[in-house]
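Peer 1: For reference, this is coords-v4.cif, and it has mmCIF, C-alpha atoms.
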data_input
loop_
_atom_site.label_atom_id
_atom_site.label_comp_id
_atom_site.auth_asym_id
_atom_site.auth_seq_id
_atom_site.Cartn_x
_atom_site.Cartn_y
_atom_site.Cartn_z
CA MET C 1 -5.25 -42.79 1.16
CA GLU C 2 -2.27 -40.53 0.35
CA HIS C 3 -1.74 -37.92 3.08
CA ILE C 4 -0.78 -34.40 1.93
CA VAL C 5 0.53 -32.19 4.74
CA ILE C 6 0.84 -28.43 4.17
CA ILE C 7 2.82 -26.33 6.68
CA GLY C 8 1.32 -22.83 6.62
CA ASN C 9 -2.22 -21.52 6.15
CA GLY C 10 -1.54 -18.44 4.05
CA ILE C 11 -2.71 -17.88 0.48
CA SER C 12 -0.22 -20.42 -0.99
CA GLY C 13 -0.97 -23.30 1.35
CA VAL C 14 -4.74 -22.83 1.36
CA THR C 15 -4.89 -22.48 -2.45
CA ALA C 16 -2.90 -25.72 -2.79
CA ALA C 17 -5.29 -27.47 -0.36
CA ARG C 18 -8.41 -26.21 -2.15
CA HIS C 19 -7.18 -27.26 -5.59
CA ILE C 20 -5.90 -30.67 -4.41
CA ARG C 21 -9.38 -31.26 -2.98
CA LYS C 22 -11.02 -30.24 -6.29
CA LEU C 23 -8.80 -32.70 -8.14
CA SER C 24 -8.62 -35.64 -5.72
CA ASP C 25 -9.82 -37.54 -2.67
CA LYS C 26 -6.47 -37.34 -0.85
CA THR C 27 -6.24 -36.72 2.90
CA ILE C 28 -5.23 -33.09 3.49
CA THR C 29 -3.89 -31.54 6.71
CA ILE C 30 -2.90 -27.88 7.09
CA VAL C 31 -0.48 -27.14 9.94
CA SER C 32 -0.43 -23.63 11.42
CA ALA C 33 0.26 -21.94 14.74
CA GLU C 34 -0.98 -18.49 13.71
CA THR C 35 -4.77 -18.66 13.48
CA ASP C 36 -7.40 -21.39 13.24
CA TYR C 37 -8.36 -20.45 9.71
CA PHE C 38 -7.00 -18.67 6.67
CA PHE C 39 -7.50 -14.90 6.52
CA SER C 40 -6.62 -12.13 4.08
CA ARG C 41 -3.27 -10.82 5.32
CA THR C 42 -3.51 -7.63 3.28
CA ALA C 43 -6.75 -6.72 5.09
CA LEU C 44 -5.18 -6.57 8.58
CA MET C 45 -4.61 -2.82 8.25
CA TYR C 46 -8.31 -2.21 7.61
CA VAL C 47 -9.25 -4.04 10.82
CA TYR C 48 -7.09 -1.65 12.86
CA MET C 49 -8.45 1.33 10.92
CA GLY C 50 -12.02 0.32 11.80
CA HIS C 51 -13.18 -0.46 8.25
CA MET C 52 -13.90 -4.11 9.06
CA LYS C 53 -13.77 -6.72 11.82
CA PHE C 54 -11.25 -9.56 11.87
CA GLU C 55 -13.92 -12.13 10.99
CA HIS C 56 -14.56 -10.17 7.77
CA THR C 57 -11.01 -11.06 6.63
CA GLN C 58 -11.89 -14.78 6.40
CA PRO C 59 -12.73 -15.59 2.76
CA TYR C 60 -14.40 -18.87 3.76
CA GLU C 61 -17.05 -19.71 6.35
CA ASN C 62 -15.92 -22.02 9.17
CA TRP C 63 -18.01 -24.90 7.79
CA PHE C 64 -16.02 -24.79 4.52
CA TRP C 65 -13.06 -26.73 5.96
CA GLU C 66 -15.06 -29.66 7.32
CA LYS C 67 -17.23 -29.86 4.21
CA ASN C 68 -14.10 -30.01 2.03
CA ARG C 69 -12.34 -32.42 4.41
CA ILE C 70 -9.37 -30.15 5.01
CA ASP C 71 -8.06 -30.81 8.52
CA LEU C 72 -6.22 -28.24 10.62
CA LYS C 73 -3.50 -29.05 13.13
CA LYS C 74 -2.44 -26.18 15.33
CA GLY C 75 1.20 -26.20 16.40
CA TYR C 76 4.79 -25.22 15.65
CA VAL C 77 6.87 -27.61 13.55
CA LYS C 78 10.25 -27.98 15.22
CA THR C 79 11.99 -30.40 12.80
CA ILE C 80 11.28 -32.48 9.71
CA GLU C 81 12.61 -36.03 9.38
CA THR C 82 12.43 -36.64 5.64
CA LYS C 83 13.58 -40.31 5.66
CA SER C 84 10.65 -41.39 7.85
CA LYS C 85 8.42 -38.58 6.49
CA THR C 86 7.68 -37.28 9.98
CA LEU C 87 7.03 -33.79 11.35
CA HIS C 88 8.11 -33.20 14.95
CA PHE C 89 6.25 -30.47 16.83
CA ALA C 90 7.46 -28.19 19.61
CA ASP C 91 4.96 -29.79 22.03
CA GLY C 92 6.29 -33.31 21.33
CA ASP C 93 3.59 -34.40 18.85
CA THR C 94 4.45 -36.03 15.53
CA LEU C 95 2.64 -36.24 12.18
CA GLN C 96 3.34 -38.54 9.22
CA TYR C 97 3.03 -37.37 5.62
CA ASP C 98 3.23 -38.92 2.17
CA LYS C 99 3.82 -35.59 0.44
CA LEU C 100 4.84 -32.38 2.21
CA ILE C 101 4.26 -28.79 1.06
CA ILE C 102 6.23 -26.07 2.87
CA ALA C 103 4.28 -22.80 2.68
CA THR C 104 5.48 -21.00 5.81
CA GLY C 105 5.60 -17.49 4.32
CA SER C 106 7.74 -14.64 5.61
CA LYS C 107 8.83 -13.01 8.85
CA PRO C 108 9.92 -9.39 9.43
CA ASN C 109 13.64 -8.73 9.07
CA LYS C 110 15.61 -7.94 12.21
CA PHE C 111 19.18 -6.76 12.01
CA GLY C 112 20.40 -7.35 15.55
CA TRP C 113 19.42 -3.92 16.85
CA PRO C 114 19.75 -3.66 20.65
CA GLY C 115 16.20 -3.74 22.06
CA GLN C 116 14.58 -5.25 18.95
CA ASP C 117 12.66 -7.82 21.05
CA LEU C 118 11.31 -5.41 23.68
CA ASP C 119 7.63 -5.16 24.59
CA GLY C 120 6.10 -2.71 22.11
CA VAL C 121 8.35 -3.67 19.16
CA MET C 122 6.52 -5.47 16.34
CA GLY C 123 6.30 -6.14 12.65
CA MET C 124 3.04 -5.86 10.72
CA TYR C 125 2.65 -9.19 9.04
CA HIS C 126 0.89 -11.68 11.33
CA LYS C 127 -2.41 -11.69 13.22
CA GLN C 128 -0.30 -11.54 16.41
CA ASP C 129 1.20 -8.24 15.17
CA LEU C 130 -2.29 -6.78 14.85
CA ASP C 131 -3.12 -7.92 18.39
CA ASN C 132 0.15 -6.41 19.62
CA LEU C 133 -0.57 -3.09 17.92
CA GLU C 134 -4.08 -2.98 19.37
CA LYS C 135 -2.58 -3.59 22.82
CA HIS C 136 0.21 -0.98 22.62
CA ALA C 137 -1.40 1.63 20.35
CA PRO C 138 -5.17 1.56 20.95
CA SER C 139 -5.28 5.38 20.93
CA ASN C 140 -3.10 8.47 21.10
CA ASP C 141 -3.76 8.63 24.85
CA VAL C 142 -1.90 5.34 25.34
CA CYS C 143 0.59 5.68 22.47
CA LYS C 144 1.96 9.23 22.39
CA HIS C 145 4.42 8.55 19.56
CA ALA C 146 5.39 5.68 17.25
CA VAL C 147 8.56 5.08 15.23
CA ILE C 148 8.60 2.98 12.05
CA VAL C 149 11.91 1.56 10.82
CA GLY C 150 12.08 0.67 7.13
CA GLY C 151 10.56 2.27 4.07
CA GLY C 152 8.81 -0.47 2.12
CA LEU C 153 5.15 -1.18 1.48
CA ILE C 154 4.50 -2.58 4.97
CA GLY C 155 6.10 0.51 6.51
CA ILE C 156 3.81 2.92 4.73
CA GLU C 157 0.77 0.75 5.57
CA LEU C 158 1.69 0.88 9.26
CA ALA C 159 2.18 4.66 9.04
CA GLU C 160 -1.30 5.02 7.53
CA MET C 161 -2.78 2.78 10.24
CA LEU C 162 -1.29 4.80 13.10
CA ASN C 163 -2.18 8.04 11.34
CA SER C 164 -5.83 6.93 11.25
CA ARG C 165 -5.86 7.05 15.08
CA SER C 166 -4.04 10.41 15.19
CA ILE C 167 -0.90 8.81 16.64
CA PRO C 168 2.20 10.89 15.70
CA VAL C 169 4.66 8.88 13.59
CA THR C 170 8.38 9.24 12.84
CA PHE C 171 9.31 7.20 9.78
CA LEU C 172 13.00 6.18 9.49
CA VAL C 173 14.04 5.33 5.92
CA ARG C 174 17.60 4.23 5.18
CA GLU C 175 17.49 5.32 1.51
CA ASP C 176 17.77 8.96 0.43
CA SER C 177 14.27 8.79 -1.11
CA PHE C 178 11.31 6.52 -0.32
CA TRP C 179 11.51 3.04 -1.94
CA ASN C 180 13.96 4.34 -4.55
CA GLY C 181 15.46 0.89 -5.04
CA VAL C 182 12.17 0.04 -6.77
CA LEU C 183 10.63 3.31 -7.95
CA PRO C 184 12.15 5.75 -10.46
CA SER C 185 13.09 9.07 -8.85
CA GLY C 186 10.06 11.12 -10.05
CA GLU C 187 7.67 8.68 -8.40
CA SER C 188 9.74 8.21 -5.25
CA GLU C 189 10.01 11.96 -4.69
CA MET C 190 6.25 12.41 -5.20
CA ILE C 191 5.62 9.80 -2.50
CA ASN C 192 8.10 11.58 -0.16
CA ARG C 193 6.00 14.74 -0.49
CA HIS C 194 2.75 12.83 -0.06
CA ILE C 195 3.91 11.20 3.20
CA LYS C 196 4.93 14.59 4.60
CA LYS C 197 1.56 16.09 3.59
CA HIS C 198 -0.03 13.57 5.98
CA HIS C 199 2.00 15.12 8.82
CA ILE C 200 4.27 12.10 9.13
CA ASP C 201 7.84 12.91 10.20
CA LEU C 202 9.73 11.27 7.31
CA ARG C 203 13.48 10.95 8.00
CA LEU C 204 15.41 9.94 4.87
CA SER C 205 19.00 8.62 4.94
CA THR C 206 18.40 7.69 8.58
CA ASN C 207 19.25 4.45 10.38
CA LEU C 208 18.27 3.00 13.73
CA ARG C 209 21.06 2.47 16.27
CA GLU C 210 19.10 1.00 19.20
CA ILE C 211 15.74 0.77 20.94
CA LYS C 212 15.78 1.72 24.62
CA ALA C 213 13.65 0.24 27.40
CA ASP C 214 11.96 1.75 30.42
CA GLU C 215 12.17 0.15 33.89
CA ASN C 216 9.38 -2.32 32.94
CA GLY C 217 11.09 -3.63 29.80
CA LYS C 218 8.83 -1.66 27.45
CA VAL C 219 9.92 0.59 24.61
CA LYS C 220 10.63 4.15 25.72
CA SER C 221 12.72 5.60 22.85
CA VAL C 222 14.92 4.99 19.83
CA ILE C 223 18.41 6.31 19.13
CA ILE C 224 19.29 7.52 15.62
CA GLU C 225 22.56 6.12 14.23
CA GLU C 226 23.77 9.22 12.38
CA THR C 227 23.13 11.92 15.00
CA GLY C 228 22.63 10.10 18.31
CA GLU C 229 19.25 11.84 18.65
CA GLU C 230 16.84 10.13 21.06
CA ILE C 231 13.17 10.00 19.98
CA PRO C 232 10.69 9.10 22.77
CA CYS C 233 8.08 6.54 21.64
CA ASN C 234 5.76 3.80 22.90
CA VAL C 235 5.72 1.62 19.79
CA VAL C 236 8.40 0.66 17.24
CA GLY C 237 7.34 -0.95 13.96
CA LEU C 238 10.10 -2.97 12.28
CA THR C 239 9.20 -2.97 8.59
CA ALA C 240 12.62 -3.25 6.94
CA GLY C 241 11.44 -5.97 4.58
CA VAL C 242 10.71 -9.64 5.16
CA SER C 243 12.61 -12.89 4.73
CA PRO C 244 11.51 -16.52 4.36
CA ASN C 245 10.23 -18.11 7.56
CA ILE C 246 12.40 -21.25 7.44
CA ASP C 247 14.43 -21.31 10.69
CA PHE C 248 12.92 -24.70 11.57
CA LEU C 249 14.64 -26.24 8.49
CA LYS C 250 18.18 -25.52 9.72
CA GLY C 251 19.98 -28.82 10.10
CA SER C 252 17.49 -30.71 7.90
CA ASP C 253 18.47 -32.29 4.57
CA ILE C 254 16.11 -29.97 2.66
CA GLU C 255 18.31 -27.55 0.74
CA VAL C 256 17.89 -23.90 1.64
CA GLY C 257 19.47 -20.62 0.54
CA ARG C 258 17.61 -17.50 1.61
CA GLY C 259 14.50 -19.60 1.06
CA VAL C 260 13.70 -23.25 0.34
CA LYS C 261 15.37 -24.06 -2.98
CA VAL C 262 12.93 -25.27 -5.65
CA ASN C 263 13.01 -26.05 -9.35
CA ARG C 264 10.44 -24.86 -11.89
CA PHE C 265 8.07 -27.59 -10.69
CA LEU C 266 8.32 -26.27 -7.10
CA GLU C 267 10.12 -29.47 -6.05
CA THR C 268 12.89 -29.39 -3.44
CA ASN C 269 15.99 -31.62 -3.48
CA ILE C 270 14.05 -34.20 -1.42
CA LYS C 271 11.49 -36.43 -3.11
CA ASP C 272 7.86 -35.67 -2.12
CA VAL C 273 8.80 -32.34 -0.47
CA TYR C 274 7.73 -29.09 -2.16
CA ALA C 275 7.83 -25.38 -1.30
CA ILE C 276 5.57 -22.53 -2.45
CA GLY C 277 4.90 -18.87 -1.73
CA ASP C 278 7.13 -16.37 0.09
CA CYS C 279 9.42 -19.08 1.48
CA ALA C 280 10.27 -20.66 -1.91
CA GLU C 281 13.47 -19.67 -3.73
CA GLN C 282 13.77 -20.42 -7.45
CA ARG C 283 17.04 -22.13 -8.38
CA GLU C 284 16.91 -20.74 -11.93
CA ALA C 285 15.86 -17.21 -12.83
CA ILE C 286 12.42 -16.74 -14.40
CA GLY C 287 13.04 -13.73 -16.67
CA ASN C 288 13.67 -10.57 -14.62
CA ARG C 289 11.82 -11.95 -11.60
CA ARG C 290 13.53 -12.21 -8.24
CA PRO C 291 14.27 -15.73 -6.93
CA ILE C 292 11.96 -15.04 -3.94
CA GLU C 293 8.71 -13.12 -4.47
CA ALA C 294 6.73 -12.16 -1.37
CA VAL C 295 3.64 -11.31 -3.42
CA TRP C 296 0.07 -12.47 -2.83
CA TYR C 297 -0.83 -13.47 -6.38
CA THR C 298 2.37 -15.46 -7.07
CA GLY C 299 1.68 -17.45 -3.90
CA ARG C 300 -1.80 -18.22 -5.19
CA MET C 301 -0.45 -19.24 -8.62
CA MET C 302 2.15 -21.53 -7.03
CA GLY C 303 -0.58 -23.22 -4.99
CA GLU C 304 -2.71 -23.81 -8.10
CA THR C 305 0.27 -25.10 -10.11
CA LEU C 306 1.54 -27.47 -7.42
CA ALA C 307 -1.93 -28.95 -6.87
CA GLN C 308 -1.82 -30.18 -10.48
CA THR C 309 1.58 -31.82 -9.94
CA ILE C 310 0.50 -33.42 -6.64
CA CYS C 311 -2.52 -34.87 -8.42
CA GLY C 312 -0.53 -36.45 -11.26
CA ASN C 313 -0.41 -33.65 -13.87
CA ARG C 314 3.18 -32.42 -13.41
CA ILE C 315 3.33 -28.86 -14.72
CA GLU C 316 5.87 -26.06 -14.57
CA TYR C 317 5.30 -22.86 -12.61
CA LYS C 318 4.89 -20.02 -15.15
CA PRO C 319 3.96 -16.73 -13.47
CA GLY C 320 3.67 -14.74 -16.73
CA HIS C 321 4.28 -10.99 -16.92
CA TRP C 322 5.16 -9.22 -13.67
CA PHE C 323 2.45 -7.09 -12.09
CA ASN C 324 1.74 -5.76 -8.63
CA SER C 325 -0.37 -3.16 -6.85
CA ALA C 326 -0.21 -1.27 -3.55
CA LYS C 327 -1.37 1.89 -1.84
CA PHE C 328 0.71 4.84 -0.65
CA MET C 329 -1.69 6.44 1.84
CA ASP C 330 -4.51 7.46 -0.54
CA ILE C 331 -2.55 7.09 -3.81
CA GLU C 332 -3.13 3.76 -5.58
CA TYR C 333 -0.13 2.23 -7.37
CA GLN C 334 -0.01 -0.40 -10.09
CA THR C 335 2.89 -1.80 -12.09
CA TYR C 336 2.78 -3.99 -15.21
CA GLY C 337 5.91 -5.37 -16.89
CA TRP C 338 9.26 -3.94 -15.81
CA VAL C 339 10.04 -0.34 -14.89
CA PHE C 340 13.33 -0.23 -13.01
CA SER C 341 14.61 2.48 -10.70
CA GLU C 342 17.69 4.46 -11.77
CA ARG C 343 19.76 2.21 -9.51
CA ASN C 344 18.67 -0.99 -11.33
CA LYS C 345 17.87 0.35 -14.81
CA GLN C 346 18.96 -1.72 -17.80
CA ASP C 347 21.31 -0.11 -20.37
CA TYR C 348 18.63 -0.26 -23.06
CA GLU C 349 15.81 1.06 -20.87
CA GLN C 350 14.35 4.49 -21.64
CA HIS C 351 11.66 6.16 -19.49
CA PHE C 352 8.87 8.60 -20.24
CA HIS C 353 7.53 10.24 -17.06
CA TRP C 354 4.37 12.35 -16.70
CA LYS C 355 3.11 13.93 -13.49
CA HIS C 356 -0.14 15.79 -12.93
CA LYS C 357 0.06 19.27 -11.41
CA ASP C 358 -1.84 18.13 -8.29
CA ASP C 359 1.22 16.00 -7.34
CA THR C 360 -0.85 12.83 -6.67
CA LYS C 361 -0.96 11.28 -10.15
CA CYS C 362 1.86 10.17 -12.42
CA ILE C 363 2.93 7.45 -14.79
CA THR C 364 6.31 6.15 -15.92
CA VAL C 365 6.51 4.14 -19.13
CA ALA C 366 9.61 2.04 -19.86
CA TYR C 367 10.59 1.10 -23.40
CA HIS C 368 13.60 -0.17 -25.35
CA LYS C 369 15.57 2.83 -26.63
CA ASP C 370 16.63 1.06 -29.86
CA THR C 371 13.51 -0.93 -30.80
CA ASN C 372 10.82 1.19 -29.03
CA LYS C 373 9.39 -2.06 -27.59
CA PHE C 374 7.09 -1.42 -24.62
CA LEU C 375 8.64 -2.88 -21.43
CA GLY C 376 6.33 -1.78 -18.65
CA ILE C 377 4.37 0.96 -16.88
CA ASN C 378 4.02 2.31 -13.33
CA THR C 379 0.84 4.24 -12.64
CA PHE C 380 -0.04 6.29 -9.55
CA GLY C 381 -3.52 7.66 -8.90
CA ILE C 382 -4.92 6.40 -12.23
CA ARG C 383 -6.34 2.87 -12.34
CA MET C 384 -5.29 0.77 -15.33
CA ARG C 385 -6.55 -2.62 -16.52
CA HIS C 386 -4.23 -5.55 -15.90
CA GLU C 387 -5.54 -7.65 -18.80
CA VAL C 388 -4.87 -4.86 -21.34
CA PHE C 389 -1.22 -4.42 -20.37
CA ASP C 390 -0.77 -8.18 -20.08
CA ARG C 391 -1.98 -8.49 -23.68
CA TRP C 392 0.21 -5.63 -24.95
CA LEU C 393 3.29 -7.16 -23.27
CA THR C 394 2.52 -10.56 -24.83
CA GLU C 395 1.96 -8.94 -28.25
CA GLU C 396 5.25 -7.02 -27.79
CA ARG C 397 3.64 -3.71 -28.76
CA ASP C 398 5.82 -0.65 -29.26
CA VAL C 399 5.61 2.35 -26.97
CA ASP C 400 3.87 4.55 -29.57
CA TYR C 401 1.00 2.06 -29.81
CA VAL C 402 0.65 1.92 -26.03
CA MET C 403 0.66 5.72 -25.62
CA LYS C 404 -1.93 6.20 -28.37
CA ASN C 405 -4.22 3.54 -26.87
CA LEU C 406 -3.85 4.31 -23.16
CA GLN C 407 -7.55 5.10 -22.92
CA GLU C 408 -8.35 1.43 -23.60
CA ALA C 409 -6.48 0.52 -20.40
CA ASN C 410 -8.12 3.12 -18.14
CA PHE C 411 -10.13 1.54 -15.33
CA ASP C 412 -11.17 4.61 -13.33
CA PRO C 413 -14.85 4.81 -12.33
CA GLU C 414 -17.39 6.75 -14.38
CA PHE C 415 -17.23 10.56 -14.02
CA TYR C 416 -13.53 10.49 -13.00
CA SER C 417 -11.29 12.87 -14.94
CA HIS C 418 -9.26 11.28 -17.71
CA TYR C 419 -5.70 12.31 -18.51
CA GLU C 420 -4.80 10.25 -21.60
CA ALA C 421 -4.91 13.23 -24.00
CA GLU C 422 -2.67 15.28 -21.70
CA ILE C 423 -0.26 12.32 -21.28
CA LEU C 424 -0.09 11.69 -25.05
CA SER C 425 0.54 15.38 -25.73
CA ALA C 426 3.39 15.41 -23.19
CA TYR C 427 4.81 12.23 -24.72
CA ASN C 428 4.71 13.71 -28.27
CA ASN C 429 6.37 16.90 -27.02
CA THR C 430 9.11 14.81 -25.39
CA LEU C 431 9.75 13.00 -28.68
CA GLN C 432 10.01 16.30 -30.56
CA THR C 433 12.60 17.67 -28.15
CA THR C 434 14.80 14.57 -28.02
#
Could you express the structure from this file as structure tokens?
Peer 2:
Amino acid sequence: MEHIVIIGNGISGVTAARHIRKLSDKTITIVSAETDYFFSRTALMYVYMGHMKFEHTQPYENWFWEKNRIDLKKGYVKTIETKSKTLHFADGDTLQYDKLIIATGSKPNKFGWPGQDLDGVMGMYHKQDLDNLEKHAPSNDVCKHAVIVGGGLIGIELAEMLNSRSIPVTFLVREDSFWNGVLPSGESEMINRHIKKHHIDLRLSTNLREIKADENGKVKSVIIEETGEEIPCNVVGLTAGVSPNIDFLKGSDIEVGRGVKVNRFLETNIKDVYAIGDCAEQREAIGNRRPIEAVWYTGRMMGETLAQTICGNRIEYKPGHWFNSAKFMDIEYQTYGWVFSERNKQDYEQHFHWKHKDDTKCITVAYHKDTNKFLGINTFGIRMRHEVFDRWLTEERDVDYVMKNLQEANFDPEFYSHYEAEILSAYNNTLQTT
């Protein structure tokens, strides 16, 4: 029986295992050192905030794995010997495979800051990070102050988590406005104001110089690069992005760049070795998409696609139109298609921006300035339907059509206020004055 070994039990690896089982009778082993079973990584914040228990983050009951004959091996893979198709583990164990799927996900970026490995310094990505946070910041009696370094989506999640336990937070963001490498300025500035409204000490254009230790080797403060200011704290969250978790592949014959290099079929340079999810790096660009996408749904899609190939139906990975969603404290964010920040904007890209007077709702619509073709939309505080925008992008609708039919895309619950008429009026006024 062909043995499929999957390193990593995140969304990519588990989806691949589930779909291989649906399609075949192959032997399947998932290798992981993090937790016994797959859990929803995006739900970790809600465990800390008291909305659920950790066991609620497991999408499958424990009997699911045995029933579906998916074996788990707990351990760290140290090296891979591709000629003999053997995994070597840190504890000395070995495991043979016929086909290998690398789905090891991401790890928090560290930039060589002095003190970055001290007790009380953590990312917010793994189950171990949650345990660490619970240990060092169970309450504001134990943790008097926390510092977060890095202004992405994980950073703002961690700020919200600490805020929920009334732990004062200083938030160090290198850019001059929050996430402005991704968001257009109107949106980024609205989020700046929203963070400050939650009594979080947001420091823009600010870098970390070092993390200082007390006499027990625990965090006691951070030093700001620009001013030399020392900020006392008990916890430091490093959330300056993530990078592929592939250190164990150094020295192997599997080709790596920032991630594991794969073609459109998710195949590496070595026969019978594949990579999916956050750790996979596309050799060839797929439209405007980045070569590495640390996004939940693309990991799931890669797992589904690769399962077909593993089971004899070799198909190309086609992620379709870009979309994503997140939460900035209590403002929900969705993006469909492409809306670039001023820093990354295409020459042909024109934006229409509308913001509600309550400063918690806005949209930005991107379109081609010459053809009026709709390119994408960002929406904050107003829920929009993915399938509607996906269809409009496929049909290559023009921006006028999209603006006139925005109501069709609205997904807010019954009795919520609707803003489509106000948005359309603002859009028409903009056209008349340009």
Peer 1: Might you spell out which residues the PyMOL selection byres ((chain C and resi 87) around 12) would select in the displayed file, as a VMD selection string?
Peer 2: chain C and resid 5 to 7 31 73 75 to 86 88 to 102 248 to 249 252
Peer 1: In Å, rounded to a single decimal, give me how far atom CA of C:Val173 is from atom CA of C:Gly151.
Peer 2: 5.0 Å
Peer 1: Within 6 Å of C:Ala103, counting only C-alpha atoms, which residues show up once you throw out same-chain ones fewer than 4 positions away? Write them as a list in words, please.
Peer 2: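 Contacts, in chain order: Ile7, Gly8, Gly13, Ala275, Ile276 and Gly277 of chain C.
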Peer 1: C:Gln128: which residues within 9 Å, counting all atoms listed in the file, same-chain residues fewer than 5 positions away excluded, as a count of residues only?
Peer 2: 3
Peer 1: Using Å and a single decimal, report how far atom CA of C:Glu342 sits from atom CA of C:Ala280.
Peer 2: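 So the answer is 28.0 Å.
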Peer 1: Name the residues that the PyMOL selection byres ((chain C and resi 422) around 12) picks from the file above, as a short mmCIF file (atom, residue, chain, number, x, y, z; two decimals) with C-alpha atoms, keeping the file's coordinate frame, using the file's chain letters and numbers.
Peer 2:
data_model
loop_
_atom_site.label_atom_id
_atom_site.label_comp_id
_atom_site.auth_asym_id
_atom_site.auth_seq_id
_atom_site.Cartn_x
_atom_site.Cartn_y
_atom_site.Cartn_z
CA TRP C 354 4.37 12.35 -16.70
CA LYS C 355 3.11 13.93 -13.49
CA HIS C 356 -0.14 15.79 -12.93
CA LYS C 357 0.06 19.27 -11.41
CA CYS C 362 1.86 10.17 -12.42
CA ILE C 363 2.93 7.45 -14.79
CA MET C 403 0.66 5.72 -25.62
CA LYS C 404 -1.93 6.20 -28.37
CA LEU C 406 -3.85 4.31 -23.16
CA GLN C 407 -7.55 5.10 -22.92
CA SER C 417 -11.29 12.87 -14.94
CA HIS C 418 -9.26 11.28 -17.71
CA TYR C 419 -5.70 12.31 -18.51
CA GLU C 420 -4.80 10.25 -21.60
CA ALA C 421 -4.91 13.23 -24.00
CA ILE C 423 -0.26 12.32 -21.28
CA LEU C 424 -0.09 11.69 -25.05
CA SER C 425 0.54 15.38 -25.73
CA ALA C 426 3.39 15.41 -23.19
CA TYR C 427 4.81 12.23 -24.72
CA ASN C 428 4.71 13.71 -28.27
CA ASN C 429 6.37 16.90 -27.02
#
Peer 1: Since the input is missing atoms for stretch 57-69 of chain C, could you rebuild it with N, CA and C atoms and give the result as a PDB file, in the frame of the given file?
Peer 2:
ATOM      1  N   THR C  57     -12.202 -10.761   7.446  1.00  0.00           N
ATOM      2  CA  THR C  57     -11.010 -11.060   6.630  1.00  0.00           C
ATOM      3  C   THR C  57     -10.940 -12.530   6.249  1.00  0.00           C
ATOM      4  N   GLN C  58     -11.877 -13.355   6.733  1.00  0.00           N
ATOM      5  CA  GLN C  58     -11.890 -14.780   6.400  1.00  0.00           C
ATOM      6  C   GLN C  58     -12.675 -14.991   5.117  1.00  0.00           C
ATOM      7  N   PRO C  59     -12.014 -15.397   4.031  1.00  0.00           N
ATOM      8  CA  PRO C  59     -12.730 -15.590   2.760  1.00  0.00           C
ATOM      9  C   PRO C  59     -13.715 -16.744   2.786  1.00  0.00           C
ATOM     10  N   TYR C  60     -13.535 -17.688   3.729  1.00  0.00           N
ATOM     11  CA  TYR C  60     -14.400 -18.870   3.760  1.00  0.00           C
ATOM     12  C   TYR C  60     -15.088 -18.985   5.121  1.00  0.00           C
ATOM     13  N   GLU C  61     -16.338 -19.450   5.108  1.00  0.00           N
ATOM     14  CA  GLU C  61     -17.050 -19.710   6.350  1.00  0.00           C
ATOM     15  C   GLU C  61     -16.383 -20.890   7.076  1.00  0.00           C
ATOM     16  N   ASN C  62     -16.581 -20.970   8.391  1.00  0.00           N
ATOM     17  CA  ASN C  62     -15.920 -22.020   9.170  1.00  0.00           C
ATOM     18  C   ASN C  62     -16.328 -23.433   8.747  1.00  0.00           C
ATOM     19  N   TRP C  63     -17.568 -23.574   8.226  1.00  0.00           N
ATOM     20  CA  TRP C  63     -18.010 -24.900   7.790  1.00  0.00           C
ATOM     21  C   TRP C  63     -17.283 -25.390   6.535  1.00  0.00           C
ATOM     22  N   PHE C  64     -16.664 -24.464   5.798  1.00  0.00           N
ATOM     23  CA  PHE C  64     -16.020 -24.790   4.520  1.00  0.00           C
ATOM     24  C   PHE C  64     -14.976 -25.892   4.687  1.00  0.00           C
ATOM     25  N   TRP C  65     -14.197 -25.830   5.789  1.00  0.00           N
ATOM     26  CA  TRP C  65     -13.060 -26.730   5.960  1.00  0.00           C
ATOM     27  C   TRP C  65     -13.525 -28.161   6.206  1.00  0.00           C
ATOM     28  N   GLU C  66     -14.542 -28.313   7.040  1.00  0.00           N
ATOM     29  CA  GLU C  66     -15.060 -29.660   7.320  1.00  0.00           C
ATOM     30  C   GLU C  66     -15.736 -30.232   6.082  1.00  0.00           C
ATOM     31  N   LYS C  67     -16.516 -29.402   5.412  1.00  0.00           N
ATOM     32  CA  LYS C  67     -17.230 -29.860   4.210  1.00  0.00           C
ATOM     33  C   LYS C  67     -16.236 -30.347   3.154  1.00  0.00           C
ATOM     34  N   ASN C  68     -15.094 -29.648   3.044  1.00  0.00           N
ATOM     35  CA  ASN C  68     -14.100 -30.010   2.030  1.00  0.00           C
ATOM     36  C   ASN C  68     -13.018 -30.951   2.561  1.00  0.00           C
ATOM     37  N   ARG C  69     -13.249 -31.445   3.781  1.00  0.00           N
ATOM     38  CA  ARG C  69     -12.340 -32.420   4.410  1.00  0.00           C
ATOM     39  C   ARG C  69     -10.891 -31.945   4.381  1.00  0.00           C
TER      40      ARG C  69
END
